[in-house]
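S.K.: my_file_13.pdb (PDB, C-alpha atoms and all ligand atoms) pasted underneath:
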MODEL        1
ATOM      1  CA  MET A   1     -26.768  61.013  23.278
ATOM      2  CA  THR A   2     -29.998  62.517  24.537
ATOM      3  CA  ASN A   3     -29.963  65.595  26.801
ATOM      4  CA  GLU A   4     -28.939  64.897  30.391
ATOM      5  CA  PRO A   5     -31.414  66.390  32.927
ATOM      6  CA  GLY A   6     -30.399  69.975  33.728
ATOM      7  CA  SER A   7     -27.904  70.114  30.863
ATOM      8  CA  THR A   8     -28.044  72.838  28.233
ATOM      9  CA  PRO A   9     -30.241  71.321  25.599
ATOM     10  CA  PHE A  10     -28.456  70.674  22.334
ATOM     11  CA  GLN A  11     -30.136  69.526  19.194
ATOM     12  CA  VAL A  12     -28.759  66.452  17.496
ATOM     13  CA  ASP A  13     -29.941  66.572  13.938
ATOM     14  CA  LEU A  14     -30.502  63.550  11.743
ATOM     15  CA  ARG A  15     -27.336  63.919   9.667
ATOM     16  CA  ARG A  16     -25.183  64.278  12.799
ATOM     17  CA  HIS A  17     -26.860  61.256  14.385
ATOM     18  CA  LEU A  18     -26.050  59.154  11.338
ATOM     19  CA  ARG A  19     -22.500  60.516  11.107
ATOM     20  CA  GLU A  20     -21.762  59.911  14.782
ATOM     21  CA  ARG A  21     -22.832  56.295  14.328
ATOM     22  CA  GLU A  22     -20.411  56.087  11.418
ATOM     23  CA  GLU A  23     -23.061  54.935   9.021
ATOM     24  CA  ASP A  24     -22.031  54.424   5.410
ATOM     25  CA  ARG A  25     -21.961  57.847   3.702
ATOM     26  CA  ASP A  26     -24.143  56.702   0.801
ATOM     27  CA  LEU A  27     -26.725  55.211   3.158
ATOM     28  CA  THR A  28     -26.686  58.461   5.128
ATOM     29  CA  ARG A  29     -27.265  60.298   1.826
ATOM     30  CA  VAL A  30     -30.304  58.135   0.990
ATOM     31  CA  ILE A  31     -31.842  58.563   4.454
ATOM     32  CA  TYR A  32     -31.185  62.307   4.436
ATOM     33  CA  GLU A  33     -32.697  62.709   0.957
ATOM     34  CA  LEU A  34     -35.820  60.871   2.153
ATOM     35  CA  ALA A  35     -36.014  63.259   5.110
ATOM     36  CA  THR A  36     -35.710  66.191   2.693
ATOM     37  CA  ALA A  37     -38.431  64.735   0.461
ATOM     38  CA  SER A  38     -40.755  64.645   3.484
ATOM     39  CA  ARG A  39     -40.522  68.447   3.761
ATOM     40  CA  TYR A  40     -42.151  68.803   0.329
ATOM     41  CA  ILE A  41     -44.665  66.076   1.046
ATOM     42  CA  ILE A  42     -45.854  67.641   4.283
ATOM     43  CA  ASN A  43     -46.041  71.014   2.568
ATOM     44  CA  SER A  44     -48.278  69.505  -0.104
ATOM     45  CA  ILE A  45     -50.462  67.788   2.511
ATOM     46  CA  ARG A  46     -50.778  70.926   4.633
ATOM     47  CA  THR A  47     -51.326  73.424   1.820
ATOM     48  CA  GLY A  48     -52.839  71.218  -0.851
ATOM     49  CA  GLU A  49     -50.479  72.905  -3.354
ATOM     50  CA  LEU A  50     -48.227  71.279  -5.908
ATOM     51  CA  GLY A  51     -45.147  72.704  -4.210
ATOM     52  CA  VAL A  52     -41.834  72.820  -6.077
ATOM     53  CA  ALA A  53     -40.439  69.440  -5.139
ATOM     54  CA  GLY A  54     -36.866  70.684  -5.031
ATOM     55  CA  THR A  55     -36.220  69.035  -8.346
ATOM     56  CA  SER A  56     -37.971  70.980 -11.060
ATOM     57  CA  ASN A  57     -40.716  73.592 -11.333
ATOM     58  CA  LEU A  58     -44.370  72.665 -11.113
ATOM     59  CA  TYR A  59     -45.196  69.713 -13.267
ATOM     60  CA  GLY A  60     -47.602  71.818 -15.233
ATOM     61  CA  GLU A  61     -49.950  68.859 -15.215
ATOM     62  CA  THR A  62     -53.490  68.603 -13.839
ATOM     63  CA  GLN A  63     -53.804  68.431 -10.031
ATOM     64  CA  LEU A  64     -51.859  65.398  -8.894
ATOM     65  CA  GLU A  65     -53.242  63.046  -6.302
ATOM     66  CA  LEU A  66     -51.166  63.506  -3.139
ATOM     67  CA  ASP A  67     -49.853  59.965  -3.125
ATOM     68  CA  VAL A  68     -48.789  60.213  -6.785
ATOM     69  CA  LEU A  69     -47.117  63.554  -5.993
ATOM     70  CA  ALA A  70     -45.397  62.063  -2.944
ATOM     71  CA  ASP A  71     -44.186  59.186  -5.085
ATOM     72  CA  ARG A  72     -42.753  61.552  -7.708
ATOM     73  CA  ILE A  73     -40.985  63.656  -5.056
ATOM     74  CA  ILE A  74     -39.325  60.608  -3.505
ATOM     75  CA  ARG A  75     -38.525  58.949  -6.832
ATOM     76  CA  LYS A  76     -36.858  62.059  -8.216
ATOM     77  CA  ARG A  77     -34.749  62.688  -5.094
ATOM     78  CA  MET A  78     -33.703  59.044  -4.878
ATOM     79  CA  THR A  79     -32.656  59.001  -8.521
ATOM     80  CA  HIS A  80     -30.530  62.132  -7.947
ATOM     81  CA  THR A  81     -28.557  60.503  -5.124
ATOM     82  CA  GLY A  82     -26.624  58.539  -7.741
ATOM     83  CA  VAL A  83     -26.462  55.467  -5.464
ATOM     84  CA  ILE A  84     -29.832  53.810  -6.170
ATOM     85  CA  ALA A  85     -30.091  50.562  -8.132
ATOM     86  CA  CYS A  86     -33.856  49.877  -8.044
ATOM     87  CA  ILE A  87     -37.017  51.618  -6.849
ATOM     88  CA  ALA A  88     -40.130  49.665  -5.863
ATOM     89  CA  SER A  89     -43.078  51.917  -5.033
ATOM     90  CA  GLU A  90     -46.550  50.949  -3.851
ATOM     91  CA  GLU A  91     -47.745  53.482  -6.455
ATOM     92  CA  ASP A  92     -46.207  51.529  -9.330
ATOM     93  CA  ASP A  93     -46.881  48.033 -10.604
ATOM     94  CA  GLU A  94     -43.286  47.394 -11.618
ATOM     95  CA  ILE A  95     -39.810  47.865 -10.206
ATOM     96  CA  GLN A  96     -37.887  50.796 -11.758
ATOM     97  CA  VAL A  97     -34.230  49.995 -12.537
ATOM     98  CA  VAL A  98     -32.214  53.214 -12.069
ATOM     99  CA  ASP A  99     -28.635  51.844 -12.187
ATOM    100  CA  PRO A 100     -28.068  48.073 -12.024
ATOM    101  CA  ASN A 101     -24.762  48.755 -10.239
ATOM    102  CA  GLY A 102     -26.327  51.096  -7.683
ATOM    103  CA  LYS A 103     -25.360  50.528  -4.056
ATOM    104  CA  TYR A 104     -28.859  50.567  -2.520
ATOM    105  CA  SER A 105     -32.475  49.911  -3.476
ATOM    106  CA  ILE A 106     -35.661  51.111  -1.839
ATOM    107  CA  ALA A 107     -39.178  49.728  -1.413
ATOM    108  CA  TYR A 108     -41.676  52.292  -0.159
ATOM    109  CA  ASP A 109     -45.236  53.419   0.292
ATOM    110  CA  PRO A 110     -45.015  57.149  -0.461
ATOM    111  CA  LEU A 111     -48.198  58.107   1.379
ATOM    112  CA  ASP A 112     -49.764  55.251   3.284
ATOM    113  CA  GLY A 113     -53.344  55.937   4.332
ATOM    114  CA  SER A 114     -53.628  58.816   1.834
ATOM    115  CA  SER A 115     -57.433  58.546   1.878
ATOM    116  CA  LEU A 116     -57.288  59.733   5.521
ATOM    117  CA  VAL A 117     -55.981  63.190   4.518
ATOM    118  CA  ASP A 118     -59.498  64.248   3.508
ATOM    119  CA  VAL A 119     -60.706  63.637   7.070
ATOM    120  CA  ASN A 120     -57.614  65.277   8.543
ATOM    121  CA  LEU A 121     -56.184  62.134  10.108
ATOM    122  CA  ALA A 122     -52.468  61.311  10.253
ATOM    123  CA  VAL A 123     -50.742  59.597   7.325
ATOM    124  CA  GLY A 124     -47.188  58.491   6.651
ATOM    125  CA  THR A 125     -44.358  57.478   4.344
ATOM    126  CA  ILE A 126     -42.805  54.023   4.870
ATOM    127  CA  VAL A 127     -39.413  53.036   3.390
ATOM    128  CA  GLY A 128     -37.255  49.916   3.417
ATOM    129  CA  ILE A 129     -33.643  50.127   2.149
ATOM    130  CA  TYR A 130     -31.748  47.122   0.762
ATOM    131  CA  LYS A 131     -28.061  46.782  -0.178
ATOM    132  CA  GLY A 132     -27.742  46.134  -3.912
ATOM    133  CA  ALA A 133     -30.532  45.644  -6.446
ATOM    134  CA  ASP A 134     -32.774  42.883  -5.051
ATOM    135  CA  VAL A 135     -35.831  44.463  -3.420
ATOM    136  CA  LEU A 136     -37.595  41.082  -3.538
ATOM    137  CA  SER A 137     -35.347  39.753  -0.767
ATOM    138  CA  PRO A 138     -36.807  38.764   2.609
ATOM    139  CA  GLY A 139     -37.082  41.657   5.053
ATOM    140  CA  ARG A 140     -34.190  40.270   7.128
ATOM    141  CA  GLU A 141     -31.912  41.584   4.337
ATOM    142  CA  LEU A 142     -32.944  45.199   4.977
ATOM    143  CA  VAL A 143     -30.050  47.472   5.970
ATOM    144  CA  ALA A 144     -32.291  50.358   7.031
ATOM    145  CA  ALA A 145     -35.949  51.280   7.444
ATOM    146  CA  LEU A 146     -37.789  54.473   8.286
ATOM    147  CA  TYR A 147     -41.158  56.094   8.410
ATOM    148  CA  VAL A 148     -42.274  59.713   8.445
ATOM    149  CA  LEU A 149     -45.502  60.457  10.307
ATOM    150  CA  TYR A 150     -47.408  63.531   9.101
ATOM    151  CA  GLY A 151     -49.528  64.226  12.169
ATOM    152  CA  PRO A 152     -49.967  67.159  14.553
ATOM    153  CA  ARG A 153     -46.153  66.978  14.593
ATOM    154  CA  CYS A 154     -44.009  65.664  11.787
ATOM    155  CA  THR A 155     -41.748  62.909  13.097
ATOM    156  CA  LEU A 156     -39.249  60.544  11.499
ATOM    157  CA  VAL A 157     -38.306  57.168  12.966
ATOM    158  CA  TYR A 158     -35.379  55.178  11.552
ATOM    159  CA  THR A 159     -33.178  52.183  12.148
ATOM    160  CA  THR A 160     -29.980  50.980  10.490
ATOM    161  CA  GLY A 161     -29.913  47.871  12.658
ATOM    162  CA  HIS A 162     -28.538  49.646  15.735
ATOM    163  CA  GLY A 163     -31.740  50.538  17.572
ATOM    164  CA  THR A 164     -34.810  52.558  16.618
ATOM    165  CA  HIS A 165     -34.651  56.347  16.977
ATOM    166  CA  GLU A 166     -37.239  59.145  16.787
ATOM    167  CA  PHE A 167     -36.731  62.645  15.389
ATOM    168  CA  ALA A 168     -39.116  65.615  15.177
ATOM    169  CA  MET A 169     -39.224  68.312  12.500
ATOM    170  CA  ASN A 170     -38.469  71.754  13.973
ATOM    171  CA  ALA A 171     -39.491  75.218  12.789
ATOM    172  CA  LEU A 172     -36.622  75.157  10.280
ATOM    173  CA  MET A 173     -37.964  71.847   8.935
ATOM    174  CA  GLU A 174     -34.878  70.018  10.247
ATOM    175  CA  TYR A 175     -35.201  66.723  12.086
ATOM    176  CA  THR A 176     -33.772  66.770  15.612
ATOM    177  CA  LEU A 177     -33.420  63.840  17.970
ATOM    178  CA  VAL A 178     -36.311  63.221  20.379
ATOM    179  CA  GLN A 179     -35.333  59.805  21.722
ATOM    180  CA  GLU A 180     -32.965  57.031  20.714
ATOM    181  CA  ASP A 181     -32.938  53.293  21.155
ATOM    182  CA  ILE A 182     -36.684  53.142  21.873
ATOM    183  CA  LYS A 183     -37.844  49.985  23.683
ATOM    184  CA  ILE A 184     -41.186  48.152  23.608
ATOM    185  CA  ALA A 185     -42.318  46.299  26.736
ATOM    186  CA  GLU A 186     -42.994  42.533  26.692
ATOM    187  CA  THR A 187     -46.759  43.142  26.873
ATOM    188  CA  GLY A 188     -49.102  46.084  26.685
ATOM    189  CA  ASN A 189     -52.638  47.379  27.126
ATOM    190  CA  ILE A 190     -53.502  48.928  23.781
ATOM    191  CA  TYR A 191     -54.438  47.089  20.613
ATOM    192  CA  ALA A 192     -55.145  48.157  17.028
ATOM    193  CA  PRO A 193     -57.398  45.554  15.342
ATOM    194  CA  GLY A 194     -57.567  45.839  11.538
ATOM    195  CA  GLY A 195     -60.215  44.172   9.434
ATOM    196  CA  THR A 196     -63.792  43.491  10.533
ATOM    197  CA  ARG A 197     -64.563  41.375  13.593
ATOM    198  CA  ASN A 198     -67.236  39.308  11.846
ATOM    199  CA  LYS A 199     -64.492  37.974   9.582
ATOM    200  CA  TYR A 200     -62.080  37.043  12.353
ATOM    201  CA  THR A 201     -61.006  33.387  12.534
ATOM    202  CA  PRO A 202     -61.351  31.499  15.862
ATOM    203  CA  ALA A 203     -57.762  32.186  16.983
ATOM    204  CA  VAL A 204     -57.946  35.913  16.155
ATOM    205  CA  GLU A 205     -61.342  36.202  17.840
ATOM    206  CA  ALA A 206     -59.935  34.464  20.949
ATOM    207  CA  PHE A 207     -56.863  36.754  20.889
ATOM    208  CA  VAL A 208     -58.913  39.967  20.732
ATOM    209  CA  SER A 209     -61.323  38.704  23.416
ATOM    210  CA  ASP A 210     -58.338  37.931  25.651
ATOM    211  CA  LEU A 211     -56.923  41.433  25.089
ATOM    212  CA  GLU A 212     -60.275  42.983  26.025
ATOM    213  CA  ASP A 213     -60.632  40.696  29.067
ATOM    214  CA  ARG A 214     -57.208  41.981  30.181
ATOM    215  CA  GLY A 215     -58.489  45.547  29.895
ATOM    216  CA  SER A 216     -56.569  46.473  26.716
ATOM    217  CA  LYS A 217     -57.900  49.630  25.070
ATOM    218  CA  LEU A 218     -58.765  49.721  21.371
ATOM    219  CA  ARG A 219     -56.710  52.356  19.543
ATOM    220  CA  TYR A 220     -57.214  52.216  15.743
ATOM    221  CA  SER A 221     -57.051  55.122  13.274
ATOM    222  CA  GLY A 222     -57.025  53.231   9.971
ATOM    223  CA  GLY A 223     -53.507  54.505   9.258
ATOM    224  CA  PHE A 224     -50.729  51.938   9.569
ATOM    225  CA  VAL A 225     -48.046  54.542  10.367
ATOM    226  CA  PRO A 226     -49.863  56.379  13.198
ATOM    227  CA  ASP A 227     -51.177  53.096  14.606
ATOM    228  CA  ILE A 228     -47.712  51.521  14.683
ATOM    229  CA  ASN A 229     -46.187  54.779  15.952
ATOM    230  CA  GLN A 230     -48.599  54.719  18.909
ATOM    231  CA  VAL A 231     -47.411  51.214  19.906
ATOM    232  CA  LEU A 232     -43.749  52.209  19.470
ATOM    233  CA  ILE A 233     -43.804  55.585  21.222
ATOM    234  CA  LYS A 234     -46.129  54.474  24.028
ATOM    235  CA  GLY A 235     -43.732  51.534  24.309
ATOM    236  CA  HIS A 236     -46.305  48.730  24.421
ATOM    237  CA  GLY A 237     -49.274  47.146  22.682
ATOM    238  CA  VAL A 238     -50.047  45.256  19.494
ATOM    239  CA  PHE A 239     -51.274  46.039  15.974
ATOM    240  CA  LEU A 240     -52.963  43.336  13.933
ATOM    241  CA  TYR A 241     -54.264  43.168  10.413
ATOM    242  CA  PRO A 242     -54.951  39.437  10.446
ATOM    243  CA  HIS A 243     -55.887  36.750   7.952
ATOM    244  CA  LEU A 244     -59.672  37.052   7.589
ATOM    245  CA  LYS A 245     -62.421  34.723   6.407
ATOM    246  CA  GLY A 246     -62.319  35.299   2.644
ATOM    247  CA  LEU A 247     -59.004  37.228   2.867
ATOM    248  CA  PRO A 248     -56.415  34.640   4.002
ATOM    249  CA  ARG A 249     -53.437  36.944   3.268
ATOM    250  CA  GLY A 250     -54.923  40.013   5.009
ATOM    251  CA  LYS A 251     -54.542  43.432   3.394
ATOM    252  CA  LEU A 252     -51.123  44.902   4.135
ATOM    253  CA  ARG A 253     -48.225  44.720   1.688
ATOM    254  CA  LEU A 254     -45.079  42.872   2.658
ATOM    255  CA  LEU A 255     -42.549  44.942   0.708
ATOM    256  CA  TYR A 256     -43.845  48.459   1.296
ATOM    257  CA  GLU A 257     -45.504  48.295   4.735
ATOM    258  CA  LEU A 258     -44.716  45.168   6.746
ATOM    259  CA  ASN A 259     -40.988  44.579   6.240
ATOM    260  CA  PRO A 260     -39.863  48.137   7.111
ATOM    261  CA  MET A 261     -42.157  48.273  10.169
ATOM    262  CA  ALA A 262     -41.112  44.780  11.282
ATOM    263  CA  PHE A 263     -37.423  45.850  11.157
ATOM    264  CA  LEU A 264     -38.148  49.010  13.179
ATOM    265  CA  ILE A 265     -40.245  47.180  15.789
ATOM    266  CA  GLU A 266     -37.799  44.272  16.183
ATOM    267  CA  GLN A 267     -34.980  46.779  16.662
ATOM    268  CA  ALA A 268     -37.073  48.237  19.512
ATOM    269  CA  GLY A 269     -37.328  44.805  21.165
ATOM    270  CA  GLY A 270     -40.760  43.953  19.769
ATOM    271  CA  ALA A 271     -41.900  41.191  17.393
ATOM    272  CA  ALA A 272     -43.623  41.003  14.007
ATOM    273  CA  SER A 273     -45.266  37.781  12.822
ATOM    274  CA  ASN A 274     -47.654  36.569  10.155
ATOM    275  CA  GLY A 275     -49.130  34.283  12.830
ATOM    276  CA  HIS A 276     -46.705  31.457  12.090
ATOM    277  CA  LYS A 277     -43.252  33.022  11.491
ATOM    278  CA  ARG A 278     -41.279  36.277  11.557
ATOM    279  CA  ILE A 279     -42.460  38.748   8.934
ATOM    280  CA  LEU A 280     -38.781  39.373   8.116
ATOM    281  CA  ASP A 281     -38.337  35.702   7.152
ATOM    282  CA  VAL A 282     -41.239  35.610   4.676
ATOM    283  CA  GLU A 283     -40.028  35.069   1.099
ATOM    284  CA  PRO A 284     -41.663  37.726  -1.107
ATOM    285  CA  GLU A 285     -43.713  36.162  -3.922
ATOM    286  CA  GLY A 286     -43.936  39.434  -5.857
ATOM    287  CA  ILE A 287     -44.171  43.205  -5.344
ATOM    288  CA  GLY A 288     -47.878  43.015  -4.464
ATOM    289  CA  HIS A 289     -47.434  40.260  -1.852
ATOM    290  CA  CYS A 290     -49.862  40.721   1.084
ATOM    291  CA  GLU A 291     -49.362  39.013   4.452
ATOM    292  CA  PRO A 292     -51.285  38.873   7.739
ATOM    293  CA  VAL A 293     -49.496  40.787  10.502
ATOM    294  CA  PHE A 294     -49.355  40.798  14.303
ATOM    295  CA  ILE A 295     -46.761  43.336  15.453
ATOM    296  CA  GLY A 296     -45.715  44.952  18.745
ATOM    297  CA  SER A 297     -45.090  43.619  22.264
ATOM    298  CA  LYS A 298     -43.335  40.258  22.107
ATOM    299  CA  ALA A 299     -45.557  38.379  24.565
ATOM    300  CA  ASP A 300     -48.729  39.601  22.847
ATOM    301  CA  VAL A 301     -47.444  38.400  19.456
ATOM    302  CA  ALA A 302     -46.366  35.056  20.961
ATOM    303  CA  LYS A 303     -49.856  34.663  22.439
ATOM    304  CA  VAL A 304     -51.640  34.925  19.088
ATOM    305  CA  GLU A 305     -49.111  32.557  17.480
ATOM    306  CA  GLU A 306     -49.920  30.027  20.209
ATOM    307  CA  LEU A 307     -53.682  30.455  19.682
ATOM    308  CA  ILE A 308     -53.256  29.937  15.939
ATOM    309  CA  ARG A 309     -51.211  26.763  16.559
ATOM    310  CA  THR A 310     -53.831  25.481  19.009
ATOM    311  CA  LEU A 311     -57.054  26.489  17.273
ATOM    312  CA  GLU A 312     -56.226  26.677  13.568
ATOM    313  CA  SER A 313     -53.511  24.183  12.676
TER     314      SER A 313
HETATM  315  P1  LIG B   1     -54.937  53.090   2.136
HETATM  316  O1  LIG B   1     -53.484  53.409   1.900
HETATM  317  O2  LIG B   1     -55.621  52.479   0.972
HETATM  318  O3  LIG B   1     -55.687  54.234   2.744
HETATM  319  O4  LIG B   1     -54.956  51.921   3.238
HETATM  320  C1  LIG B   1     -54.269  52.181   4.431
HETATM  321  C2  LIG B   1     -53.860  50.822   4.943
HETATM  322  O5  LIG B   1     -53.132  50.144   3.968
HETATM  323  C3  LIG B   1     -53.052  50.935   6.231
HETATM  324  O6  LIG B   1     -52.485  52.191   6.372
HETATM  325  C4  LIG B   1     -54.062  50.671   7.325
HETATM  326  O7  LIG B   1     -53.499  50.024   8.447
HETATM  327  C5  LIG B   1     -55.088  49.784   6.649
HETATM  328  O8  LIG B   1     -55.033  50.072   5.257
HETATM  329  C6  LIG B   1     -56.487  50.077   7.159
HETATM  330  O9  LIG B   1     -57.339  49.186   6.484
HETATM  331  P2  LIG B   1     -58.889  49.195   6.855
HETATM  332  O10 LIG B   1     -59.426  50.488   6.300
HETATM  333  O11 LIG B   1     -59.443  47.967   6.188
HETATM  334  O12 LIG B   1     -58.993  49.130   8.365
ENDMDL
END
Take the structure in the file and write it out as structure tokens.
M.R.:
Amino acid sequence: MTNEPGSTPFQVDLRRHLREREEDRDLTRVIYELATASRYIINSIRTGELGVAGTSNLYGETQLELDVLADRIIRKRMTHTGVIACIASEEDDEIQVVDPNGKYSIAYDPLDGSSLVDVNLAVGTIVGIYKGADVLSPGRELVAALYVLYGPRCTLVYTTGHGTHEFAMNALMEYTLVQEDIKIAETGNIYAPGGTRNKYTPAVEAFVSDLEDRGSKLRYSGGFVPDINQVLIKGHGVFLYPHLKGLPRGKLRLLYELNPMAFLIEQAGGAASNGHKRILDVEPEGIGHCEPVFIGSKADVAKVEELIRTLES
């Protein structure tokens, strides 16, 4: 699908990519509406204005926090698709039932890493899409996942279970294909270590020391989306936000952050584990469920699982 060397470049846009893969029309609608929502979100990030979110005029309320605004933009566009059953947002402490008979449900973090906007670092939107109304299903039930990365370029990465594909927003604010069916190598030489080292357990400490001994370079921005995107687009490496002394479940949220990213990374030939099992097989205990995560190159993830078995079981 991508341009052959020397050919006349053509631009495959997101809707065409979905249509040519004969995705369900309603699923295409949901993904396309999320892409459209990202145009208003990036506008708000870049200009700091309460742009018209394509749904109604300015809220006429006091200045909204960006992540609350992003949540409202996504929530309103999803509701208007007419195919959504439930909405679970990291910005809300309960699941919103839109239409119990809706075809799809979404679990999302509207603006992950929002505190990084003030220091002009990249942030992102993360979305998992389920068939039906049960967003508290294990991640293996996801039918699609995507993230939008608001960085120097605005890119969108999605999967519907047939590979992981990257798009970039052009001057017309349309997403056109950059690369499809991205692959992650078995092992890599970059690592993104979340948490603080003094709170690492013996297995995690041994894992990070081994990575450094192998010459792996530390690449950590504090934003889950850019840090995962670096592993995916560079095609190797590992991100970890591990269990810590005093924080056995780590920090990242299963529903809104880990499951969608685990689906995307597995579809690119990588792995995502909580140190003992696939992230996608973890049974959610509630919408706020946090889980340790080791995600990226398969051999790197297998290595830390082995260290945990050896040193911590
Ligand atoms: P915020 O959304 O509260 O800024 O947290 C971002 C995040 O959930 C995720 O994007 C990062 O990977 C992780 O936290 C960074 O956490 P530390 O600041 O503890 O490294």
S.K.: Let me have all residues with an atom within 9 Å of ligand LIG 1 (chain B), counting all atoms listed in the file, laid out as a PDB file with C-alpha atoms, in the frame of the given file.
M.R.:
ATOM      1  CA  ASP A 109     -45.236  53.419   0.292  1.00  0.00           C
ATOM      2  CA  LEU A 111     -48.198  58.107   1.379  1.00  0.00           C
ATOM      3  CA  ASP A 112     -49.764  55.251   3.284  1.00  0.00           C
ATOM      4  CA  GLY A 113     -53.344  55.937   4.332  1.00  0.00           C
ATOM      5  CA  SER A 114     -53.628  58.816   1.834  1.00  0.00           C
ATOM      6  CA  SER A 115     -57.433  58.546   1.878  1.00  0.00           C
ATOM      7  CA  LEU A 116     -57.288  59.733   5.521  1.00  0.00           C
ATOM      8  CA  VAL A 123     -50.742  59.597   7.325  1.00  0.00           C
ATOM      9  CA  GLY A 124     -47.188  58.491   6.651  1.00  0.00           C
ATOM     10  CA  ALA A 192     -55.145  48.157  17.028  1.00  0.00           C
ATOM     11  CA  PRO A 193     -57.398  45.554  15.342  1.00  0.00           C
ATOM     12  CA  GLY A 194     -57.567  45.839  11.538  1.00  0.00           C
ATOM     13  CA  GLY A 195     -60.215  44.172   9.434  1.00  0.00           C
ATOM     14  CA  THR A 196     -63.792  43.491  10.533  1.00  0.00           C
ATOM     15  CA  TYR A 220     -57.214  52.216  15.743  1.00  0.00           C
ATOM     16  CA  SER A 221     -57.051  55.122  13.274  1.00  0.00           C
ATOM     17  CA  GLY A 222     -57.025  53.231   9.971  1.00  0.00           C
ATOM     18  CA  GLY A 223     -53.507  54.505   9.258  1.00  0.00           C
ATOM     19  CA  PHE A 224     -50.729  51.938   9.569  1.00  0.00           C
ATOM     20  CA  VAL A 225     -48.046  54.542  10.367  1.00  0.00           C
ATOM     21  CA  PRO A 226     -49.863  56.379  13.198  1.00  0.00           C
ATOM     22  CA  ASP A 227     -51.177  53.096  14.606  1.00  0.00           C
ATOM     23  CA  ILE A 228     -47.712  51.521  14.683  1.00  0.00           C
ATOM     24  CA  PHE A 239     -51.274  46.039  15.974  1.00  0.00           C
ATOM     25  CA  LEU A 240     -52.963  43.336  13.933  1.00  0.00           C
ATOM     26  CA  TYR A 241     -54.264  43.168  10.413  1.00  0.00           C
ATOM     27  CA  LYS A 251     -54.542  43.432   3.394  1.00  0.00           C
ATOM     28  CA  LEU A 252     -51.123  44.902   4.135  1.00  0.00           C
ATOM     29  CA  ARG A 253     -48.225  44.720   1.688  1.00  0.00           C
ATOM     30  CA  GLU A 257     -45.504  48.295   4.735  1.00  0.00           C
TER      31      GLU A 257
END
S.K.: In Å, with one decimal, what is the gap from atom CA of A:Val30 to atom CA of A:Gly288?
M.R.: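 Atom-to-atom, atom CA of A:Val30 and atom CA of A:Gly288 are spaced 23.8 Å apart.
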S.K.: I would like the residues chosen by the PyMOL selection byres (((chain A and resi 204) around 9) and not hetatm) on the shown file; could you give them as a PDB file with C-alpha atoms, in the frame of the given file?
M.R.:
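Written out: part.pdb:
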ATOM      1  CA  ARG A 197     -64.563  41.375  13.593  1.00  0.00           C
ATOM      2  CA  TYR A 200     -62.080  37.043  12.353  1.00  0.00           C
ATOM      3  CA  THR A 201     -61.006  33.387  12.534  1.00  0.00           C
ATOM      4  CA  PRO A 202     -61.351  31.499  15.862  1.00  0.00           C
ATOM      5  CA  ALA A 203     -57.762  32.186  16.983  1.00  0.00           C
ATOM      6  CA  GLU A 205     -61.342  36.202  17.840  1.00  0.00           C
ATOM      7  CA  ALA A 206     -59.935  34.464  20.949  1.00  0.00           C
ATOM      8  CA  PHE A 207     -56.863  36.754  20.889  1.00  0.00           C
ATOM      9  CA  VAL A 208     -58.913  39.967  20.732  1.00  0.00           C
ATOM     10  CA  SER A 209     -61.323  38.704  23.416  1.00  0.00           C
ATOM     11  CA  PRO A 242     -54.951  39.437  10.446  1.00  0.00           C
ATOM     12  CA  HIS A 243     -55.887  36.750   7.952  1.00  0.00           C
ATOM     13  CA  LEU A 244     -59.672  37.052   7.589  1.00  0.00           C
ATOM     14  CA  VAL A 304     -51.640  34.925  19.088  1.00  0.00           C
ATOM     15  CA  LEU A 307     -53.682  30.455  19.682  1.00  0.00           C
ATOM     16  CA  ILE A 308     -53.256  29.937  15.939  1.00  0.00           C
TER      17      ILE A 308
END
S.K.: Name the residues in contact with A:Ile190 at a cut-off of 10 Å, using only C-alpha atoms, excluding same-chain residues fewer than 4 positions from it; report them as a PyMOL selection string.
M.R.: chain A and resi 211-212+215-220+230-231+234+236-239
S.K.: Go through A:Thr310, A:Asn229, A:Thr164, A:Thr176 one by one, measure the shortest atom-to-atom distance of each to A:Phe263 using all atoms listed in the file, and give the residue with the smallest value.
M.R.: A:Thr164
S.K.: Please write as a list in words the full residue list that the PyMOL selection byres (((chain A and resi 138) around 8) and not hetatm) yields on this file.
M.R.: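 That expression, the PyMOL selection byres (((chain A and resi 138) around 8) and not hetatm), corresponds here to Leu136, Ser137, Gly139, Arg140, Glu141, Leu142, Leu280, Asp281, Val282, Glu283 and Pro284 of chain A.
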S.K.: Written as an NGL selection string, what is the full residue list that the PyMOL selection byres (((chain A and resi 186) around 9) and not hetatm) yields on the file shown?
M.R.: :A and (184-185 or 187-188 or 236-237 or 269-270 or 296-300)
